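**Q** Just dropping this structure here.
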Amino acid sequence: MRILFAIPARLIQCAGVTQPLALVFYERLLPGSQLVNRLQDRGYRVQAVPVAPLLVIEAEKQKPLLVFADLESTKNEICVAIADLKKNPATAHLPVLGFASEARKDLLAAALAVGALTVGDTALLEHLSQLLDQALQID
């Protein structure tokens, strides 16, 4: 029997717990800044990570609830950073949600292959609540 549940950020806030943290790596201003704003609107603290190789270091140090990664990086090998997150015992449990424009099926497939959940930019912003629920499900 498989039991799935998710803990909404607002419920965590109501319970008197500090705001959950989301690490976000992005280079593209849109949708990156919109994602940050929407996460904050949903009760998340957001920490931007300036370069992909710092994702593992910051995840170990900050203990986020989840990680978002802009797959369309021109300066970073984001799939390598996602793979490093998934290989590290201290961060392997973290849900990683990779996003890219819908036309970049190659990037979406590569991120999926290294353990990220993937989504197109438009769906990320339009369906963020449902994506958070999906990413935070516990088996």
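Lettering and numbering for the structure tokens are positional, with chains as A, B, ... in the shown order, residues counted from 1 in each chain, and ligands counted from 1 in the shown order.
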Among segment 13-111 of chain A, which ones does DSSP assign to strand (DSSP E or B) (computed from the backbone)? Answer as a ChimeraX atom specification.
**A** /A:21-25,45-48,66-70,96-100
**Q** List the spatial neighbours of segment 99-102 of chain A as a PDB file with N, CA and C atoms, in the first residue's frame - criterion: any atom at most 6 Å away, only C-alpha atoms, same-chain residues fewer than 5 positions off excluded.
**A**
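Produced file part22.pdb, reproduced below:
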```
ATOM      1  N   ASP A  70      16.668  26.348 -13.486  1.00  0.00           N
ATOM      2  CA  ASP A  70      16.466  26.796 -14.857  1.00  0.00           C
ATOM      3  C   ASP A  70      17.408  25.976 -15.740  1.00  0.00           C
ATOM      4  N   LEU A  71      16.842  25.149 -16.568  1.00  0.00           N
ATOM      5  CA  LEU A  71      17.646  24.260 -17.408  1.00  0.00           C
ATOM      6  C   LEU A  71      18.297  24.969 -18.586  1.00  0.00           C
ATOM      7  N   GLU A  72      17.827  26.160 -18.902  1.00  0.00           N
ATOM      8  CA  GLU A  72      18.362  26.885 -20.054  1.00  0.00           C
ATOM      9  C   GLU A  72      19.532  27.782 -19.681  1.00  0.00           C
ATOM     10  N   THR A 118      10.433  17.558 -14.374  1.00  0.00           N
ATOM     11  CA  THR A 118      10.619  18.607 -15.368  1.00  0.00           C
ATOM     12  C   THR A 118       9.285  19.189 -15.799  1.00  0.00           C
ATOM     13  N   VAL A 119       9.345  20.451 -16.213  1.00  0.00           N
ATOM     14  CA  VAL A 119       8.135  21.154 -16.614  1.00  0.00           C
ATOM     15  C   VAL A 119       8.518  22.306 -17.538  1.00  0.00           C
ATOM     16  N   GLY A 120       7.611  22.646 -18.439  1.00  0.00           N
ATOM     17  CA  GLY A 120       7.809  23.799 -19.303  1.00  0.00           C
ATOM     18  C   GLY A 120       7.572  25.086 -18.530  1.00  0.00           C
ATOM     19  N   ASP A 121       8.145  26.172 -19.011  1.00  0.00           N
ATOM     20  CA  ASP A 121       8.029  27.472 -18.336  1.00  0.00           C
ATOM     21  C   ASP A 121       6.579  27.881 -18.090  1.00  0.00           C
TER      22      ASP A 121
END
```
**Q** What's the 7 Å shell around Val24 of chain A, counting only C-alpha atoms, without same-chain residues fewer than 2 positions away, as a CSV table (one decimal) with C-alpha atoms, in the first residue's frame?
**A**
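Output saved as selection-v3.csv:
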```csv
chain,number,residue,atom,x,y,z
A,22,ALA,CA,13.1,26.8,-1.7
A,26,TYR,CA,17.9,30.8,-12.7
A,46,VAL,CA,13.4,31.8,-1.4
A,47,GLN,CA,17.2,31.8,-1.8
A,48,ALA,CA,18.6,32.4,-5.2
A,49,VAL,CA,21.7,30.4,-6.1
A,67,VAL,CA,15.1,23.0,-5.4
A,68,PHE,CA,14.2,24.7,-8.7
A,69,ALA,CA,16.6,24.9,-11.6
```
**Q** Which of these residues is nearest to Ala113 of chain A, using only C-alpha atoms: A:Ala90, A:Asn37, A:Gly98, A:Leu125?
**A** A:Gly98
**Q** Extract, using only C-alpha atoms, all DNA, RNA and protein residues at most 10 Å from Val114 of chain A, discarding same-chain residues fewer than 3 positions from it, and format them as a count of residues only.
**A** 13
**Q** In Å, rounded to a single decimal, give me how far atom CA of Leu30 of chain A is from atom CA of Tyr44 of chain A.
**A** 19.0 Å
**Q** Would you compute the distance between atom CA of Leu124 of chain A and atom CA of Val51 of chain A? Give it in Å to one decimal.
**A**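 Those two atoms sit 21.0 Å apart.
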